[in-house]
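Working notes, beginning with the structure itself.
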Amino acid sequence: MGKLYTITKRIAKHGNQSIIVIPKVIEKYLKPGVVAEVRITVLGEVEE
């Protein structure tokens, strides 16, 4: 089994798309060609 990280992020906006920004700390493990499993659990909405 590979490395397991749990991150909690607020979804960001990039033009018309919603994005999740990956922390720099794990960026070195996410190079092109790497297969990663991404699970999303919606915890709630933040009021602005």
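Letters A, B, ... go to the chains of the structure tokens in the order shown; residues in each chain start at 1; ligands are counted from 1 in the same order.
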Env of range 43-46 of chain A: 10 Å cut, atoms = only C-alpha atoms, seq-sep filter 6 positions within chain, self excluded. Answer as a VMD selection string.
chain A and resid 8 10 to 11
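Restricting the calculation to only C-alpha atoms, the smallest distance between Lys9 in chain A and any of A:Arg39, A:Ile22, A:Leu30, A:Glu47 is found for A:Ile22.
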Could you name the residues that touch Thr6 in chain A at 12 Å or less, counting only C-alpha atoms, but leaving out those on the same chain fewer than 5 positions away, as a PDB file with all heavy atoms, in the first residue's frame?
ATOM      1  N   ILE A  22      -3.755  21.187  -4.345  1.00  0.00           N
ATOM      2  CA  ILE A  22      -2.992  20.169  -3.626  1.00  0.00           C
ATOM      3  C   ILE A  22      -1.849  20.838  -2.858  1.00  0.00           C
ATOM      4  O   ILE A  22      -1.104  21.634  -3.426  1.00  0.00           O
ATOM      5  CB  ILE A  22      -2.399  19.137  -4.623  1.00  0.00           C
ATOM      6  CG1 ILE A  22      -3.492  18.481  -5.433  1.00  0.00           C
ATOM      7  CG2 ILE A  22      -1.555  18.101  -3.895  1.00  0.00           C
ATOM      8  CD1 ILE A  22      -4.508  17.706  -4.638  1.00  0.00           C
ATOM      9  N   PRO A  23      -1.706  20.513  -1.562  1.00  0.00           N
ATOM     10  CA  PRO A  23      -0.628  21.115  -0.770  1.00  0.00           C
ATOM     11  C   PRO A  23       0.762  20.780  -1.330  1.00  0.00           C
ATOM     12  O   PRO A  23       0.986  19.685  -1.846  1.00  0.00           O
ATOM     13  CB  PRO A  23      -0.800  20.484   0.612  1.00  0.00           C
ATOM     14  CG  PRO A  23      -2.205  20.016   0.645  1.00  0.00           C
ATOM     15  CD  PRO A  23      -2.546  19.643  -0.765  1.00  0.00           C
ATOM     16  N   ILE A  26       2.756  17.367  -0.517  1.00  0.00           N
ATOM     17  CA  ILE A  26       2.575  16.087  -1.210  1.00  0.00           C
ATOM     18  C   ILE A  26       2.746  16.194  -2.724  1.00  0.00           C
ATOM     19  O   ILE A  26       2.634  15.194  -3.426  1.00  0.00           O
ATOM     20  CB  ILE A  26       1.217  15.435  -0.863  1.00  0.00           C
ATOM     21  CG1 ILE A  26       0.050  16.303  -1.295  1.00  0.00           C
ATOM     22  CG2 ILE A  26       1.143  15.093   0.595  1.00  0.00           C
ATOM     23  CD1 ILE A  26      -1.297  15.657  -1.104  1.00  0.00           C
ATOM     24  N   GLU A  37      -5.740   7.737  -5.931  1.00  0.00           N
ATOM     25  CA  GLU A  37      -7.171   7.621  -5.662  1.00  0.00           C
ATOM     26  C   GLU A  37      -7.608   8.872  -4.913  1.00  0.00           C
ATOM     27  O   GLU A  37      -6.984   9.258  -3.926  1.00  0.00           O
ATOM     28  CB  GLU A  37      -7.459   6.398  -4.804  1.00  0.00           C
ATOM     29  CG  GLU A  37      -8.917   6.245  -4.448  1.00  0.00           C
ATOM     30  CD  GLU A  37      -9.188   5.025  -3.581  1.00  0.00           C
ATOM     31  OE1 GLU A  37      -8.260   4.571  -2.893  1.00  0.00           O
ATOM     32  OE2 GLU A  37     -10.313   4.546  -3.619  1.00  0.00           O
ATOM     33  N   VAL A  38      -8.661   9.508  -5.390  1.00  0.00           N
ATOM     34  CA  VAL A  38      -9.165  10.719  -4.762  1.00  0.00           C
ATOM     35  C   VAL A  38     -10.593  10.444  -4.320  1.00  0.00           C
ATOM     36  O   VAL A  38     -11.437  10.064  -5.122  1.00  0.00           O
ATOM     37  CB  VAL A  38      -9.144  11.917  -5.749  1.00  0.00           C
ATOM     38  CG1 VAL A  38      -9.719  13.152  -5.094  1.00  0.00           C
ATOM     39  CG2 VAL A  38      -7.730  12.164  -6.246  1.00  0.00           C
ATOM     40  N   ARG A  39     -10.868  10.598  -3.027  1.00  0.00           N
ATOM     41  CA  ARG A  39     -12.217  10.449  -2.499  1.00  0.00           C
ATOM     42  C   ARG A  39     -12.678  11.804  -1.993  1.00  0.00           C
ATOM     43  O   ARG A  39     -11.917  12.515  -1.344  1.00  0.00           O
ATOM     44  CB  ARG A  39     -12.237   9.460  -1.340  1.00  0.00           C
ATOM     45  CG  ARG A  39     -11.895   8.071  -1.746  1.00  0.00           C
ATOM     46  CD  ARG A  39     -11.983   7.152  -0.564  1.00  0.00           C
ATOM     47  NE  ARG A  39     -11.528   5.827  -0.951  1.00  0.00           N
ATOM     48  CZ  ARG A  39     -11.811   4.743  -0.286  1.00  0.00           C
ATOM     49  NH1 ARG A  39     -12.532   4.808   0.811  1.00  0.00           N
ATOM     50  NH2 ARG A  39     -11.367   3.576  -0.696  1.00  0.00           N
ATOM     51  N   ILE A  40     -13.922  12.142  -2.273  1.00  0.00           N
ATOM     52  CA  ILE A  40     -14.437  13.439  -1.846  1.00  0.00           C
ATOM     53  C   ILE A  40     -15.650  13.212  -0.947  1.00  0.00           C
ATOM     54  O   ILE A  40     -16.598  12.531  -1.336  1.00  0.00           O
ATOM     55  CB  ILE A  40     -14.826  14.310  -3.051  1.00  0.00           C
ATOM     56  CG1 ILE A  40     -13.571  14.593  -3.891  1.00  0.00           C
ATOM     57  CG2 ILE A  40     -15.493  15.594  -2.600  1.00  0.00           C
ATOM     58  CD1 ILE A  40     -13.824  15.374  -5.139  1.00  0.00           C
ATOM     59  N   THR A  41     -15.598  13.763   0.250  1.00  0.00           N
ATOM     60  CA  THR A  41     -16.722  13.754   1.176  1.00  0.00           C
ATOM     61  C   THR A  41     -17.114  15.202   1.404  1.00  0.00           C
ATOM     62  O   THR A  41     -16.287  15.997   1.870  1.00  0.00           O
ATOM     63  CB  THR A  41     -16.327  13.115   2.521  1.00  0.00           C
ATOM     64  OG1 THR A  41     -15.852  11.793   2.277  1.00  0.00           O
ATOM     65  CG2 THR A  41     -17.506  13.060   3.472  1.00  0.00           C
TER      66      THR A  41
END
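Among the residues of chain A, backbone DSSP assigns helix (DSSP H, G or I) to A:Lys24, A:Val25, A:Ile26, A:Glu27.
Taking CA of Ile20 in chain A as the reference point, CA of Ile7 in chain A is found at 10.4 Å.
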From the DSSP assignment of the backbone, select every residue of range 1-47 of chain A that is strand (DSSP E), and format the answer as an MDAnalysis selection string.
chainID A and resid 12:14 17:19
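Going from CA of Gly33 in chain A over to CA of Leu4 in chain A, you cover 17.9 Å.
Proximity to Gly2 in chain A at 12 Å, evaluated using only C-alpha atoms and with sequence-adjacent residues fewer than 3 positions away removed, yields Tyr5, Tyr29, Val34, Val35, Ala36 and Glu37 of chain A.
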